[in-house]
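A.B. asks: This is the structure, below, for whatever I ask next.
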Amino acid sequence: MPVANATQNQLQAIEALLQKIENINNPALTATAKELVQLLMEFHGAGIERMLEIVHQTTPSGASVIAALGRDDLVRSLLLLYGLHPESLETRVVQALEKTRPYLKSHSGNVALVGIDETGTVTLRLEGNCHGCPSSSATLKLAVEEAIYDAAPDVTAILVQGQVQEKAPAVGFVPISNLSGNGHETKVQRDQVGWEDVFGLDAIPSGTLRAEDVGGRDILFCRLEETLYAYNNLCPGCGQPLGAASMEGSVLACPICSQHYDVVRAGRSMDLDTLHLEPIPLLRENGRARVALPLAKAHGSGM
């Protein structure tokens, strides 16, 4: 079993045991068990913090060693649990947003970090075509939120200026189930989306299209220079696949109904304001490409 999956299973088992303690119909026993868990965490946390101090003080490369520990998925989960991650919450959020910028810029958009309050709530501002366009919701929930919660599972809520969203209640610790990558149940799993690896996209010639089945979903990939775009392979005008469509610059023309769509401007129709292609969030990092799919269809290594 892969390390990531084994770790996630362990975290879920711990979470289940803690839930059983909460549900014990004996207030005194529940209070005693919770006090025991809290004391053990304080003891372990103090020991881990002291180990990091010793590494930093006695090793010339101590700072780089600690930074490397913070990048390891398993160790990162442990450090986050005890509030000992070497990088601040803001630093991790900023790094996460940087990973999403290529995708956002591929749709002539961007995202800005407005601030992070004392409860761990992140406030963002969508810019360019991402602000107010039909794909804003998908862009936010499937790309930006995914990246933020992967890097900073201790974030309690993500708010976007100009949008009304429910704010999660502040908590004093990172829930166990949130610590392993995509474990932020209240945001990512509730939205029922996952990520699927896609291979061979770099072989698509610039200015051309390729329709491909990814995790049971028909997706249309477009490439312009070094930028990739992904859309649901369905024309909103006639409901037919677009695999045989022609490209002229950034404009895609449906071979059936002759509707024109600008793939750079989030798939907006050039003919009717009411039509637009359905964008599929696509992230590229270190040669790896992933697209967001419903969990019922996503089954690749991106989960």
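Residues are named by chain letter and number: chains run A, B, ... in the order of the structure tokens, numbers start at 1 in each chain, and ligands are numbered from 1 in the order shown.
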Please report as JSON lines every residue of range 51-119 of chain A lying within 12 Å of range 272-293 of chain A, along with the nearest atom pair and their distance in Å (one decimal), using only C-alpha atoms.
C.D. replies:
```
{"residue": "A:Ala96", "atom": "CA", "partner": "A:Glu285", "partner_atom": "CA", "distance": 11.5}
{"residue": "A:Leu97", "atom": "CA", "partner": "A:Leu283", "partner_atom": "CA", "distance": 11.6}
{"residue": "A:Glu98", "atom": "CA", "partner": "A:Glu285", "partner_atom": "CA", "distance": 10.7}
{"residue": "A:Lys99", "atom": "CA", "partner": "A:Glu285", "partner_atom": "CA", "distance": 7.3}
{"residue": "A:Thr100", "atom": "CA", "partner": "A:Leu283", "partner_atom": "CA", "distance": 6.8}
{"residue": "A:Arg101", "atom": "CA", "partner": "A:Leu283", "partner_atom": "CA", "distance": 9.1}
{"residue": "A:Pro102", "atom": "CA", "partner": "A:Leu283", "partner_atom": "CA", "distance": 7.6}
{"residue": "A:Tyr103", "atom": "CA", "partner": "A:Leu283", "partner_atom": "CA", "distance": 5.9}
{"residue": "A:Leu104", "atom": "CA", "partner": "A:Pro281", "partner_atom": "CA", "distance": 9.0}
{"residue": "A:Lys105", "atom": "CA", "partner": "A:Leu283", "partner_atom": "CA", "distance": 11.3}
{"residue": "A:Ser106", "atom": "CA", "partner": "A:Leu282", "partner_atom": "CA", "distance": 9.7}
{"residue": "A:His107", "atom": "CA", "partner": "A:Pro279", "partner_atom": "CA", "distance": 9.4}
```
A.B. asks: Would you list the contacts of Glu212 in chain A as a PyMOL selection string, taking every protein, DNA or RNA residue within 9 Å and counting only C-alpha atoms, but skipping same-chain residues closer than 3 positions in sequence?
C.D. replies: chain A and resi 217-221+233+243
A.B. asks: Please provide as a list in words all residues within 6 Å of Arg223 in chain A, with the sequence filter that same-chain residues fewer than 3 positions apart are discarded (counting only C-alpha atoms).
C.D. replies: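 Final neighbour list, sorted by chain and number: Ser206, Gly207, Thr227 and Leu228 of chain A.
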A.B. asks: Which one is closest to Arg210 in chain A: A:Cys222, A:Ile21, A:Leu159, A:Ala28? Count only C-alpha atoms.
C.D. replies: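 Among the listed residues, the smallest separation from Arg210 in chain A belongs to A:Cys222.
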A.B. asks: Identify, with DSSP run on backbone atoms, the residues in range 8-165 of chain A assigned to strand (DSSP E), and express the list as a list of chain:residue names.
C.D. replies: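 Residues of range 8-165 of chain A classed as strand (DSSP E): A:Gly109, A:Asn110, A:Val111, A:Ala112, A:Leu113, A:Val114, A:Gly115, A:Ile116, A:Thr121, A:Val122, A:Thr123, A:Leu124, A:Arg125, A:Leu126, A:Glu127, A:Gly128, A:Ala157, A:Ile158, A:Leu159, A:Val160.
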A.B. asks: As an exercise, work out the distance from CA of Val94 in chain A to CA of Glu42 in chain A in Å and give it to one decimal place.
C.D. replies: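 According to the coordinates, CA of Val94 in chain A and CA of Glu42 in chain A are separated by 29.4 Å.
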A.B. asks: Neighbours of range 259-261 of chain A within 8 Å (only C-alpha atoms; same-chain residues fewer than 5 positions away dropped), as a list in words?
C.D. replies: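 Returned residues: Gly237, Val251, Leu252, Ala253, Cys254, Gly267, Arg268, Ser269, Met270, Asp271, His276 and Leu277 of chain A.
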A.B. asks: What's the 9 Å shell around Ile48 in chain A, counting only C-alpha atoms, without same-chain residues fewer than 6 positions away, as a list in words?
C.D. replies: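 Skipping anything fewer than 6 positions along the chain leaves Leu79, Tyr82 and Leu84 of chain A.
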A.B. asks: How many Å lie between CA of Ala46 in chain A and CA of Asn23 in chain A, rounded to one decimal?
C.D. replies: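 Computing it gives 28.9 Å between the two atoms.
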A.B. asks: Closest to Tyr229 in chain A among A:Thr32, A:Ser88, A:Ser246, A:Thr208, using only C-alpha atoms?
C.D. replies: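 Closest residue, counting only C-alpha atoms: A:Thr208.
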A.B. asks: Excluding same-chain residues fewer than 5 positions from range 109-118 of chain A, what lies within 7 Å of it counting only C-alpha atoms, as a ChimeraX atom specification?
C.D. replies: /A:101,104,123-130
